[in-house]
$ cat coords34.tsv   # TSV, C-alpha atoms
chain	number	residue	atom	x	y	z
A	1	MET	CA	-23.94	2.03	45.38
A	2	THR	CA	-24.74	-1.04	43.29
A	3	GLY	CA	-25.88	0.59	40.02
A	4	THR	CA	-23.94	2.22	37.22
A	5	PRO	CA	-24.08	5.91	36.28
A	6	ALA	CA	-26.59	6.72	33.55
A	7	PHE	CA	-23.98	8.10	31.14
A	8	VAL	CA	-22.08	4.79	31.13
A	9	TYR	CA	-24.75	3.22	28.93
A	10	ASP	CA	-24.25	5.94	26.32
A	11	LEU	CA	-20.50	5.30	26.49
A	12	VAL	CA	-21.05	1.58	25.96
A	13	GLU	CA	-23.16	2.26	22.86
A	14	ARG	CA	-20.52	4.64	21.52
A	15	LEU	CA	-17.72	2.12	22.06
A	16	ARG	CA	-19.75	-0.64	20.42
A	17	ARG	CA	-20.27	1.55	17.36
A	18	ARG	CA	-16.49	2.02	17.22
A	19	GLY	CA	-16.02	-1.75	17.12
A	20	LEU	CA	-15.24	-2.58	20.77
A	21	PRO	CA	-17.45	-5.62	21.50
A	22	ILE	CA	-18.68	-4.83	25.02
A	23	GLY	CA	-21.29	-7.38	26.05
A	24	VAL	CA	-23.69	-7.98	28.91
A	25	ASP	CA	-21.04	-9.84	30.91
A	26	ASP	CA	-18.70	-6.84	30.68
A	27	CYS	CA	-21.42	-4.50	31.97
A	28	ALA	CA	-22.26	-6.95	34.77
A	29	THR	CA	-18.58	-7.07	35.75
A	30	LEU	CA	-18.47	-3.26	35.89
A	31	ARG	CA	-21.61	-3.21	38.03
A	32	SER	CA	-20.10	-5.72	40.46
A	33	ALA	CA	-16.87	-3.72	40.69
A	34	LEU	CA	-18.81	-0.53	41.43
A	35	GLY	CA	-20.80	-2.39	44.07
A	36	ALA	CA	-17.52	-3.45	45.68
A	37	GLY	CA	-16.44	0.18	45.92
A	38	PHE	CA	-14.08	0.53	42.96
A	39	GLY	CA	-14.12	3.52	40.60
A	40	LEU	CA	-16.42	5.67	42.76
A	41	GLY	CA	-14.10	8.61	43.40
A	42	SER	CA	-14.52	10.49	40.13
A	43	SER	CA	-15.04	10.04	36.41
A	44	ASN	CA	-11.28	9.49	36.06
A	45	ASP	CA	-11.44	6.61	38.54
A	46	LEU	CA	-14.40	5.15	36.65
A	47	ARG	CA	-12.46	5.52	33.39
A	48	ASP	CA	-9.46	3.68	34.82
A	49	LEU	CA	-11.77	0.92	36.05
A	50	CYS	CA	-13.38	0.52	32.60
A	51	VAL	CA	-9.94	0.42	30.95
A	52	ALA	CA	-8.82	-2.29	33.37
A	53	LEU	CA	-11.95	-4.38	32.77
A	54	TRP	CA	-12.58	-3.92	29.05
A	55	ALA	CA	-9.32	-3.06	27.25
A	56	THR	CA	-7.07	-5.83	25.93
A	57	SER	CA	-4.65	-3.68	23.93
A	58	VAL	CA	-3.15	-0.20	23.89
A	59	ALA	CA	-5.47	0.81	21.05
A	60	GLU	CA	-8.54	-0.19	23.07
A	61	GLN	CA	-7.21	1.72	26.09
A	62	GLU	CA	-6.91	4.86	23.96
A	63	MET	CA	-10.39	4.29	22.53
A	64	ILE	CA	-12.00	4.05	25.99
A	65	ALA	CA	-10.05	7.04	27.33
A	66	ALA	CA	-11.05	9.16	24.33
A	67	ALA	CA	-14.71	8.20	24.74
A	68	PHE	CA	-14.63	9.19	28.42
A	69	ALA	CA	-12.88	12.47	27.66
A	70	SER	CA	-15.52	13.50	25.12
A	71	GLU	CA	-18.67	12.09	26.73
A	72	ALA	CA	-18.32	11.54	30.47
A	73	PRO	CA	-19.38	14.46	32.72
A	74	ASP	CA	-17.65	15.53	35.90
A	75	TRP	CA	-18.96	12.75	38.10
A	76	HIS	CA	-18.40	11.32	41.54
A	77	ALA	CA	-20.42	8.89	43.58
A	78	ALA	CA	-23.21	10.40	45.65
A	79	PRO	CA	-22.36	10.49	49.38
A	80	ALA	CA	-24.16	8.11	51.64
A	81	ALA	CA	-27.45	9.39	53.11
A	82	PRO	CA	-27.00	10.84	56.62
A	83	ALA	CA	-28.38	8.81	59.47
A	84	ALA	CA	-31.56	9.95	61.17
A	85	GLU	CA	-30.90	12.45	63.96
A	86	THR	CA	-31.66	11.32	67.49
A	87	PRO	CA	-32.76	13.76	70.14
A	88	PRO	CA	-29.93	14.88	72.39
A	89	THR	CA	-29.70	13.58	75.92
A	90	PRO	CA	-29.97	15.95	78.91
A	91	GLU	CA	-26.20	15.74	79.41
A	92	GLU	CA	-25.62	16.75	75.72
A	93	GLU	CA	-28.10	19.61	76.06
A	94	ALA	CA	-26.17	20.87	79.07
A	95	ARG	CA	-22.93	20.85	77.06
A	96	THR	CA	-24.50	22.42	73.92
A	97	PRO	CA	-24.03	26.23	73.77
A	98	ALA	CA	-27.21	28.25	73.55
A	99	ASP	CA	-26.06	30.28	70.55
A	100	PRO	CA	-24.64	28.15	67.72
A	101	ILE	CA	-21.55	29.37	65.93
A	102	PRO	CA	-22.54	30.65	62.47
A	103	ALA	CA	-21.00	28.86	59.53
A	104	ALA	CA	-18.24	30.63	57.67
A	105	VAL	CA	-19.52	32.47	54.60
A	106	PRO	CA	-17.55	31.45	51.49
A	107	PRO	CA	-15.80	34.35	49.78
A	108	LEU	CA	-17.30	35.64	46.56
A	109	PRO	CA	-15.44	34.48	43.43
A	110	SER	CA	-13.24	37.16	42.04
A	111	SER	CA	-13.09	37.84	38.32
A	112	PRO	CA	-9.94	36.59	36.59
A	113	PRO	CA	-7.27	39.20	35.98
A	114	PRO	CA	-7.05	40.56	32.43
A	115	PRO	CA	-4.40	38.95	30.20
A	116	PRO	CA	-1.10	40.81	29.83
A	117	PRO	CA	-0.57	43.03	26.76
A	118	SER	CA	1.69	40.46	25.06
A	119	VAL	CA	-1.04	37.81	25.18
A	120	ARG	CA	-3.64	40.28	23.86
A	121	ALA	CA	-1.31	41.26	21.01
A	122	TYR	CA	-0.62	37.61	20.09
A	123	THR	CA	-4.34	36.83	20.09
A	124	ALA	CA	-5.12	39.87	17.93
A	125	VAL	CA	-2.52	38.86	15.30
A	126	THR	CA	-3.10	35.07	15.15
A	127	GLY	CA	-6.79	34.94	16.05
A	128	GLN	CA	-6.19	32.40	18.83
A	129	PRO	CA	-4.59	32.51	22.29
A	130	PRO	CA	-1.04	31.24	22.72
A	131	ALA	CA	-0.43	27.65	23.75
A	132	THR	CA	-0.26	27.05	27.50
A	133	GLY	CA	1.55	23.72	27.34
A	134	GLU	CA	-1.49	21.90	28.77
A	135	TRP	CA	-3.49	19.32	26.79
A	136	ASP	CA	-7.21	18.80	26.71
A	137	PRO	CA	-8.11	15.09	26.98
A	138	ALA	CA	-11.33	15.75	25.08
A	139	LEU	CA	-9.26	16.55	21.99
A	140	VAL	CA	-7.27	13.29	22.02
A	141	LEU	CA	-8.27	11.33	18.92
A	142	ALA	CA	-7.95	7.55	18.91
A	143	PRO	CA	-7.33	6.03	15.46
A	144	GLN	CA	-10.39	4.26	14.06
A	145	HIS	CA	-9.70	1.58	11.45
A	146	PRO	CA	-12.29	-0.39	9.49
A	147	LEU	CA	-11.12	-3.56	11.26
A	148	THR	CA	-10.57	-3.88	15.00
A	149	ALA	CA	-7.71	-5.83	16.56
A	150	ARG	CA	-10.14	-8.51	17.72
A	151	GLU	CA	-11.63	-9.00	14.27
A	152	ILE	CA	-8.15	-9.41	12.77
A	153	ALA	CA	-7.08	-11.85	15.48
A	154	GLN	CA	-10.25	-13.95	15.19
A	155	ALA	CA	-9.89	-14.24	11.41
A	156	TRP	CA	-6.19	-15.09	11.18
A	157	ARG	CA	-6.13	-17.50	14.11
A	158	ARG	CA	-8.20	-19.77	11.91
A	159	LEU	CA	-5.15	-20.28	9.68
A	160	ARG	CA	-3.93	-23.48	11.29
A	161	ARG	CA	-1.93	-26.53	10.25
A	162	PRO	CA	-1.76	-28.55	13.49
A	163	VAL	CA	1.04	-31.12	13.67
A	164	ARG	CA	2.06	-33.17	16.68
A	165	HIS	CA	5.65	-32.38	17.53
A	166	GLY	CA	7.96	-32.72	20.50
A	167	PRO	CA	8.10	-35.02	23.52
A	168	PRO	CA	4.87	-36.86	24.44
A	169	SER	CA	2.97	-34.94	27.10
A	170	GLU	CA	-0.75	-35.23	26.25
A	171	LEU	CA	-2.92	-38.12	27.33
A	172	ASP	CA	-4.39	-40.31	24.59
A	173	VAL	CA	-7.55	-41.50	26.34
A	174	GLY	CA	-8.70	-43.86	23.56
A	175	ALA	CA	-5.34	-45.60	23.21
A	176	THR	CA	-4.97	-45.92	26.97
A	177	ILE	CA	-8.39	-47.57	27.36
A	178	ASP	CA	-7.76	-49.81	24.36
A	179	ARG	CA	-4.43	-51.02	25.72
A	180	TYR	CA	-5.97	-51.75	29.11
A	181	ALA	CA	-8.89	-53.62	27.47
A	182	ARG	CA	-6.54	-55.76	25.39
A	183	SER	CA	-4.04	-56.61	28.10
A	184	GLY	CA	-6.28	-56.59	31.16
A	185	VAL	CA	-3.38	-55.18	33.14
A	186	ALA	CA	-3.32	-51.68	34.55
A	187	SER	CA	-0.37	-49.90	33.02
A	188	GLY	CA	0.84	-46.37	32.43
A	189	PRO	CA	-1.11	-43.97	30.22
A	190	VAL	CA	-0.43	-43.58	26.51
A	191	LEU	CA	1.00	-40.13	25.77
A	192	LEU	CA	1.14	-38.14	22.54
A	193	PRO	CA	3.22	-35.13	21.48
A	194	PRO	CA	1.27	-31.86	21.74
A	195	ARG	CA	-0.21	-30.24	18.66
A	196	ARG	CA	1.61	-27.21	17.28
A	197	ASN	CA	0.44	-24.79	14.62
A	198	THR	CA	2.92	-25.07	11.77
A	199	ALA	CA	1.16	-22.65	9.41
A	200	ARG	CA	3.49	-20.21	7.64
A	201	LEU	CA	2.31	-16.94	6.15
A	202	LEU	CA	3.91	-14.78	3.46
A	203	LEU	CA	2.46	-11.27	3.19
A	204	LEU	CA	3.24	-9.40	-0.04
A	205	VAL	CA	2.22	-5.78	0.55
A	206	ASP	CA	1.90	-3.12	-2.14
A	207	ARG	CA	3.34	0.17	-0.94
A	208	GLN	CA	3.33	3.83	-2.01
A	209	GLY	CA	1.65	5.04	-5.18
A	210	SER	CA	-2.10	4.44	-5.11
A	211	MET	CA	-1.71	2.48	-1.84
A	212	THR	CA	-0.62	5.60	0.06
A	213	PRO	CA	-4.12	6.33	1.49
A	214	TYR	CA	-4.18	2.82	2.97
A	215	HIS	CA	-0.77	2.89	4.68
A	216	ALA	CA	-2.10	3.38	8.22
A	217	PHE	CA	-4.73	0.68	7.68
A	218	THR	CA	-2.30	-1.89	6.31
A	219	ASP	CA	0.24	-1.11	9.05
A	220	HIS	CA	-2.50	-1.74	11.62
A	221	LEU	CA	-3.40	-5.00	9.88
A	222	LEU	CA	0.20	-6.27	9.76
A	223	ARG	CA	0.83	-5.28	13.37
A	224	GLU	CA	-2.19	-7.18	14.65
A	225	ILE	CA	-1.42	-10.25	12.52
A	226	ARG	CA	2.09	-10.37	13.99
A	227	ASN	CA	0.79	-9.90	17.54
A	228	ALA	CA	-2.19	-12.25	17.58
A	229	ALA	CA	-2.17	-14.69	14.65
A	230	ARG	CA	-0.11	-17.34	16.53
A	231	LEU	CA	1.53	-18.76	13.43
A	232	GLU	CA	4.82	-20.60	13.17
A	233	ALA	CA	6.37	-18.04	10.82
A	234	ILE	CA	5.26	-14.73	9.32
A	235	ARG	CA	7.25	-13.03	6.57
A	236	VAL	CA	6.43	-9.61	5.14
A	237	ALA	CA	7.81	-8.33	1.84
A	238	TYR	CA	6.93	-4.96	0.32
A	239	PHE	CA	6.84	-3.94	-3.32
A	240	ARG	CA	5.61	-0.99	-5.33
A	241	ASN	CA	2.86	-1.65	-7.89
A	242	LEU	CA	4.70	-4.66	-9.34
A	243	PRO	CA	7.56	-6.76	-7.94
A	244	GLY	CA	8.81	-7.41	-11.47
A	245	ARG	CA	7.96	-7.42	-15.17
A	246	ALA	CA	6.77	-10.50	-16.99
A	247	GLU	CA	7.66	-11.28	-20.55
A	248	ASP	CA	5.47	-9.54	-23.10
A	249	ALA	CA	2.96	-12.25	-24.00
A	250	LEU	CA	0.37	-9.82	-25.36
A	251	ALA	CA	2.08	-8.97	-28.63
A	252	ASP	CA	0.26	-11.63	-30.67
A	253	ARG	CA	-3.03	-11.49	-28.81
A	254	PRO	CA	-6.04	-11.60	-31.19
A	255	ASP	CA	-7.59	-8.42	-29.78
A	256	PRO	CA	-4.87	-6.21	-28.25
A	257	PHE	CA	-7.52	-3.78	-26.97
A	258	SER	CA	-9.42	-6.39	-24.96
A	259	PRO	CA	-8.59	-6.45	-21.23
A	260	GLU	CA	-8.86	-10.25	-21.10
A	261	ILE	CA	-5.72	-12.37	-21.45
A	262	ASP	CA	-7.40	-15.76	-21.78
A	263	ALA	CA	-5.81	-16.41	-25.19
A	264	VAL	CA	-2.27	-15.98	-23.88
A	265	LEU	CA	-2.76	-17.07	-20.26
A	266	SER	CA	-0.81	-20.29	-20.74
A	267	ARG	CA	2.14	-18.41	-22.29
A	268	ILE	CA	2.79	-16.26	-19.22
A	269	ARG	CA	5.73	-17.72	-17.36
A	270	PRO	CA	6.19	-17.59	-13.58
A	271	LEU	CA	8.01	-14.54	-12.34
A	272	THR	CA	11.69	-15.12	-11.56
A	273	GLY	CA	13.41	-12.98	-8.98
A	274	GLY	CA	11.39	-9.85	-8.38
A	275	ARG	CA	12.12	-6.65	-6.49
A	276	PHE	CA	10.97	-6.85	-2.87
A	277	TYR	CA	11.87	-4.82	0.21
A	278	ALA	CA	12.07	-5.58	3.91
A	279	ASP	CA	10.81	-2.18	5.13
A	280	PRO	CA	7.74	-0.12	4.21
A	281	ALA	CA	9.96	2.76	3.06
A	282	LEU	CA	11.31	0.48	0.28
A	283	THR	CA	14.95	1.09	1.16
A	284	GLU	CA	16.15	-2.40	2.19
A	285	PRO	CA	16.04	-4.83	-0.77
A	286	LEU	CA	15.24	-8.50	-0.20
A	287	THR	CA	16.68	-11.22	-2.38
A	288	ALA	CA	15.22	-14.57	-3.42
A	289	VAL	CA	11.86	-14.03	-1.68
A	290	LEU	CA	10.01	-16.40	-3.99
A	291	ASP	CA	12.85	-18.92	-4.20
A	292	ARG	CA	12.97	-19.30	-0.42
A	293	THR	CA	9.23	-19.87	-0.07
A	294	SER	CA	8.63	-23.42	1.13
A	295	PRO	CA	5.70	-25.55	-0.08
A	296	GLY	CA	2.55	-25.20	1.98
A	297	THR	CA	3.10	-21.52	2.73
A	298	ALA	CA	0.00	-19.34	2.69
A	299	ALA	CA	0.66	-16.27	0.53
A	300	ALA	CA	-1.60	-13.22	0.91
A	301	ILE	CA	-1.21	-10.28	-1.48
A	302	ILE	CA	-2.44	-6.92	-0.19
A	303	SER	CA	-2.87	-4.41	-3.00
A	304	ASP	CA	-5.55	-2.27	-4.63
A	305	ALA	CA	-4.48	-3.60	-8.07
A	306	GLY	CA	-5.19	-0.26	-9.72
A	307	ALA	CA	-8.76	0.00	-8.42
A	308	THR	CA	-8.11	3.24	-6.51
A	309	ARG	CA	-7.22	5.14	-9.67
A	310	GLY	CA	-9.81	3.32	-11.77
A	311	THR	CA	-7.39	2.36	-14.54
A	312	PHE	CA	-6.55	-0.77	-16.49
A	313	GLN	CA	-2.97	-1.68	-17.42
A	314	ALA	CA	-2.33	-4.79	-19.49
A	315	GLY	CA	1.31	-4.95	-18.38
A	316	ARG	CA	0.31	-4.91	-14.73
A	317	LEU	CA	-2.16	-7.72	-15.35
A	318	THR	CA	0.36	-10.03	-17.02
A	319	SER	CA	3.05	-9.27	-14.42
A	320	THR	CA	0.60	-9.98	-11.60
A	321	ILE	CA	-0.38	-13.30	-13.17
A	322	ALA	CA	3.32	-14.13	-13.46
A	323	LEU	CA	3.75	-13.44	-9.73
A	324	VAL	CA	0.77	-15.63	-8.85
A	325	LYS	CA	2.09	-18.43	-11.05
A	326	ALA	CA	5.45	-18.23	-9.28
A	327	LEU	CA	3.71	-18.62	-5.91
A	328	LEU	CA	1.60	-21.54	-7.14
A	329	THR	CA	4.69	-23.20	-8.61
A	330	ALA	CA	6.36	-22.94	-5.19
A	331	GLY	CA	3.43	-24.85	-3.66
A	332	CYS	CA	1.70	-21.89	-1.99
A	333	THR	CA	-1.96	-21.18	-1.55
A	334	VAL	CA	-2.74	-17.65	-2.76
A	335	ALA	CA	-5.44	-15.15	-1.81
A	336	TRP	CA	-5.73	-11.44	-2.60
A	337	LEU	CA	-6.97	-8.77	-0.16
A	338	ASN	CA	-8.00	-5.50	-1.79
A	339	PRO	CA	-8.44	-2.43	0.48
A	340	ALA	CA	-10.38	-0.59	-2.24
A	341	PRO	CA	-14.17	-1.14	-2.05
A	342	PRO	CA	-15.55	-3.68	-4.58
A	343	GLU	CA	-17.68	-1.07	-6.33
A	344	ARG	CA	-14.45	0.47	-7.65
A	345	TRP	CA	-13.17	-2.77	-9.20
A	346	PRO	CA	-15.19	-2.95	-12.47
A	347	GLY	CA	-13.29	-1.72	-15.50
A	348	THR	CA	-9.91	-1.78	-13.72
A	349	THR	CA	-6.97	-4.16	-13.50
A	350	ALA	CA	-8.40	-5.46	-10.23
A	351	ALA	CA	-11.52	-6.80	-11.96
A	352	GLN	CA	-9.40	-8.74	-14.45
A	353	ILE	CA	-7.09	-10.11	-11.75
A	354	ALA	CA	-10.15	-11.29	-9.80
A	355	ARG	CA	-11.04	-13.49	-12.79
A	356	HIS	CA	-7.84	-15.49	-12.27
A	357	VAL	CA	-7.01	-15.08	-8.53
A	358	PRO	CA	-9.31	-15.33	-5.49
A	359	MET	CA	-9.71	-11.64	-4.55
A	360	PHE	CA	-11.62	-10.36	-1.53
A	361	PRO	CA	-12.25	-6.91	-0.05
A	362	LEU	CA	-10.26	-6.06	3.06
A	363	THR	CA	-13.20	-6.40	5.43
A	364	ALA	CA	-14.01	-8.82	8.24
A	365	GLU	CA	-15.98	-11.10	5.93
A	366	GLY	CA	-13.34	-10.79	3.21
A	367	MET	CA	-10.59	-11.83	5.63
A	368	TYR	CA	-12.54	-14.91	6.71
A	369	ARG	CA	-13.06	-15.96	3.09
A	370	ALA	CA	-9.40	-15.30	2.25
A	371	VAL	CA	-8.23	-17.38	5.21
A	372	ASP	CA	-10.48	-20.22	4.03
A	373	VAL	CA	-8.69	-20.15	0.67
A	374	LEU	CA	-5.29	-20.05	2.36
A	375	ARG	CA	-6.28	-23.07	4.46
A	376	GLY	CA	-6.76	-25.03	1.24
A	377	ARG	CA	-10.47	-24.73	0.63
A	378	PRO	CA	-10.94	-24.25	-3.12
A	379	ARG	CA	-12.80	-21.27	-4.48
A	380	ASP	CA	-14.05	-21.15	-8.02
A	381	THR	CA	-12.61	-18.42	-10.23
A	382	GLU	CA	-13.64	-17.65	-13.78
A	383	ARG	CA	-10.27	-18.60	-15.28
A	384	PRO	CA	-7.72	-19.88	-12.72
A	385	ALA	CA	-4.15	-18.71	-13.30
$ encode --input "coords34.tsv" --output "structure tokens"
Amino acid sequence: MTGTPAFVYDLVERLRRRGLPIGVDDCATLRSALGAGFGLGSSNDLRDLCVALWATSVAEQEMIAAAFASEAPDWHAAPAAPAAETPPTPEEEARTPADPIPAAVPPLPSSPPPPPPSVRAYTAVTGQPPATGEWDPALVLAPQHPLTAREIAQAWRRLRRPVRHGPPSELDVGATIDRYARSGVASGPVLLPPRRNTARLLLLVDRQGSMTPYHAFTDHLLREIRNAARLEAIRVAYFRNLPGRAEDALADRPDPFSPEIDAVLSRIRPLTGGRFYADPALTEPLTAVLDRTSPGTAAAIISDAGATRGTFQAGRLTSTIALVKALLTAGCTVAWLNPAPPERWPGTTAAQIARHVPMFPLTAEGMYRAVDVLRGRPRDTERPA
């Protein structure tokens, strides 16, 4: 068998819609493996083969297994066609009995026994049969997030600050040829230290409150950044709504009912201290998070900034600007990732923060644009903080 079962193509389309980028090369690899005799025993064997060929993480393994459990039929490879019968020889005819032995007749299936009275009583009271302790693989649900692990890895691996460091081990072809051309004497190669990514990332994550619906999504994002970003250092600090309160600079604003703070923007001082936590449950306080941030660190703030509830709070705006000013004073590049969709930003605190801080939706395109800002590429804002 050199082809693939027909239902596999439907599975590939389903997995691609879920965000697993299965390409032509992956399908060709599966076809070659089937032609070599792998995965032909049953649909479970085919599932294990697809997991081995296509999955690169535990989440992708669960996604493929769930798709097989819900879509794949009971399948096994068709047996090879029997060879053409040859007429028996006279010696075989002499040994063949005249009356063939009839094949055994399979017994008729018997009806299942009725359930015991206790099971019938439980079903009548609860409306469903009691649990048997067995699990149905078709009911296993794999978590589906708006961003896949590959999309997160591809975006954040672009955050690079390559610096040559360590003992020389890489060949410098240009310098080696130049030295040989100048001296005319064959000598040893010129070596350079290898490049190392020295990018550092500080993730400030809003937790609880209006961010509660996004907890699973942000946990998935942080987990994949830690696993695949390949940065020199990654620090995560959690806060709730605001890490601290800025001084009240809005008291003498010309129009206290206007959401804009342009008139008093220069009077807002950088935030000192702040209340941050080391765990998502907000039980382990962190001290001097901003003071220990070294220059050149990329700081990404993950918060809905009030867009989920659709409200505007002047105090939250000024305190957020104070936090951003503290990060800029420490020499950081700052970008904001908002999990709330952009259509919910107008009229909220998020829309006003976006006037002063580069803010992007937490999508694949938004992550790429945020990483560009964190790499040092400027982005125009209406009124930079």
$ closest_residue --input "coords34.tsv" --among "A:Gly347, A:Gly174, A:Pro361, A:Pro162" --to "Thr198 of chain A" --atoms "all atoms listed in the file"
A:Pro162
$ residues_near_point --input "coords34.tsv" --point "(-0.7, -3.6, -16.7)" --cutoff "10 Å" --atoms "all atoms listed in the file" --output "PyMOL selection string"
chain A and resi 241-242+245+259+305-306+311-320+348-349
$ write_last_selection --input "coords34.tsv" --atoms "C-alpha atoms" --output "mmCIF file, keeping the file's coordinate frame"
data_model
loop_
_atom_site.group_PDB
_atom_site.id
_atom_site.type_symbol
_atom_site.label_atom_id
_atom_site.label_comp_id
_atom_site.auth_asym_id
_atom_site.auth_seq_id
_atom_site.Cartn_x
_atom_site.Cartn_y
_atom_site.Cartn_z
ATOM 1 C CA ASN A 241 2.860 -1.650 -7.890
ATOM 2 C CA LEU A 242 4.700 -4.660 -9.340
ATOM 3 C CA ARG A 245 7.960 -7.420 -15.170
ATOM 4 C CA PRO A 259 -8.590 -6.450 -21.230
ATOM 5 C CA ALA A 305 -4.480 -3.600 -8.070
ATOM 6 C CA GLY A 306 -5.190 -0.260 -9.720
ATOM 7 C CA THR A 311 -7.390 2.360 -14.540
ATOM 8 C CA PHE A 312 -6.550 -0.770 -16.490
ATOM 9 C CA GLN A 313 -2.970 -1.680 -17.420
ATOM 10 C CA ALA A 314 -2.330 -4.790 -19.490
ATOM 11 C CA GLY A 315 1.310 -4.950 -18.380
ATOM 12 C CA ARG A 316 0.310 -4.910 -14.730
ATOM 13 C CA LEU A 317 -2.160 -7.720 -15.350
ATOM 14 C CA THR A 318 0.360 -10.030 -17.020
ATOM 15 C CA SER A 319 3.050 -9.270 -14.420
ATOM 16 C CA THR A 320 0.600 -9.980 -11.600
ATOM 17 C CA THR A 348 -9.910 -1.780 -13.720
ATOM 18 C CA THR A 349 -6.970 -4.160 -13.500
#
$ atom_distance --input "coords34.tsv" --atom1 "atom CA of Pro295 of chain A" --atom2 "atom CA of Asp372 of chain A"
17.5 Å
$ atom_distance --input "coords34.tsv" --atom1 "atom CA of Ile234 of chain A" --atom2 "atom CA of Arg200 of chain A"
6.0 Å
$ atom_distance --input "coords34.tsv" --atom1 "atom CA of Ile321 of chain A" --atom2 "atom CA of Val371 of chain A"
20.4 Å
$ closest_residue --input "coords34.tsv" --among "A:Ser169, A:Gln208, A:Ser294, A:Thr272" --to "Val190 of chain A" --atoms "all atoms listed in the file"
A:Ser169
$ closest_residue --input "coords34.tsv" --among "A:Gly19, A:Pro243, A:Gly166, A:Pro116" --to "Ala364 of chain A" --atoms "all atoms listed in the file"
A:Gly19
$ residues_around --input "coords34.tsv" --residues "Thr293 of chain A" --least-positions-apart "5" --cutoff "10 Å" --atoms "only C-alpha atoms" --output "list in words"
Arg200, Leu201, Leu202, Arg235, Ala288, Ala298, Ala299, Leu327, Ala330, Gly331 and Cys332 of chain A
$ closest_residue --input "coords34.tsv" --among "A:Leu53, A:Ala181, A:Ala229, A:Leu323" --to "Gln154 of chain A" --atoms "only C-alpha atoms"
A:Ala229
$ closest_residue --input "coords34.tsv" --among "A:Thr56, A:Val173, A:His356, A:Arg196" --to "Pro21 of chain A" --atoms "only C-alpha atoms"
A:Thr56
$ build_atoms --input "coords34.tsv" --residues "segment 202-213 of chain A" --atoms "N, CA and C atoms" --output "JSON list (two decimals), in the coordinates of the input"
[["chain", "number", "residue", "atom", "x", "y", "z"],
["A", 202, "LEU", "N", 3.12, -15.76, 4.21],
["A", 202, "LEU", "CA", 3.91, -14.78, 3.46],
["A", 202, "LEU", "C", 2.98, -13.65, 3.05],
["A", 203, "LEU", "N", 3.26, -12.45, 3.50],
["A", 203, "LEU", "CA", 2.46, -11.27, 3.19],
["A", 203, "LEU", "C", 3.22, -10.42, 2.18],
["A", 204, "LEU", "N", 2.66, -10.25, 1.00],
["A", 204, "LEU", "CA", 3.24, -9.40, -0.04],
["A", 204, "LEU", "C", 2.40, -8.13, -0.09],
["A", 205, "VAL", "N", 2.98, -7.01, 0.33],
["A", 205, "VAL", "CA", 2.22, -5.78, 0.55],
["A", 205, "VAL", "C", 2.65, -4.74, -0.48],
["A", 206, "ASP", "N", 1.67, -4.24, -1.22],
["A", 206, "ASP", "CA", 1.90, -3.12, -2.14],
["A", 206, "ASP", "C", 2.06, -1.84, -1.33],
["A", 207, "ARG", "N", 3.02, -1.02, -1.72],
["A", 207, "ARG", "CA", 3.34, 0.17, -0.94],
["A", 207, "ARG", "C", 3.51, 1.37, -1.86],
["A", 208, "GLN", "N", 3.20, 2.55, -1.32],
["A", 208, "GLN", "CA", 3.33, 3.83, -2.01],
["A", 208, "GLN", "C", 2.41, 3.86, -3.24],
["A", 209, "GLY", "N", 2.52, 4.91, -4.03],
["A", 209, "GLY", "CA", 1.65, 5.04, -5.18],
["A", 209, "GLY", "C", 0.19, 5.15, -4.77],
["A", 210, "SER", "N", -0.67, 4.40, -5.42],
["A", 210, "SER", "CA", -2.10, 4.44, -5.11],
["A", 210, "SER", "C", -2.43, 3.79, -3.77],
["A", 211, "MET", "N", -1.48, 3.08, -3.15],
["A", 211, "MET", "CA", -1.71, 2.48, -1.84],
["A", 211, "MET", "C", -1.43, 3.45, -0.69],
["A", 212, "THR", "N", -0.96, 4.65, -0.99],
["A", 212, "THR", "CA", -0.62, 5.60, 0.06],
["A", 212, "THR", "C", -1.79, 5.89, 1.01],
["A", 213, "PRO", "N", -3.03, 6.07, 0.53],
["A", 213, "PRO", "CA", -4.12, 6.33, 1.49],
["A", 213, "PRO", "C", -4.39, 5.17, 2.45]]
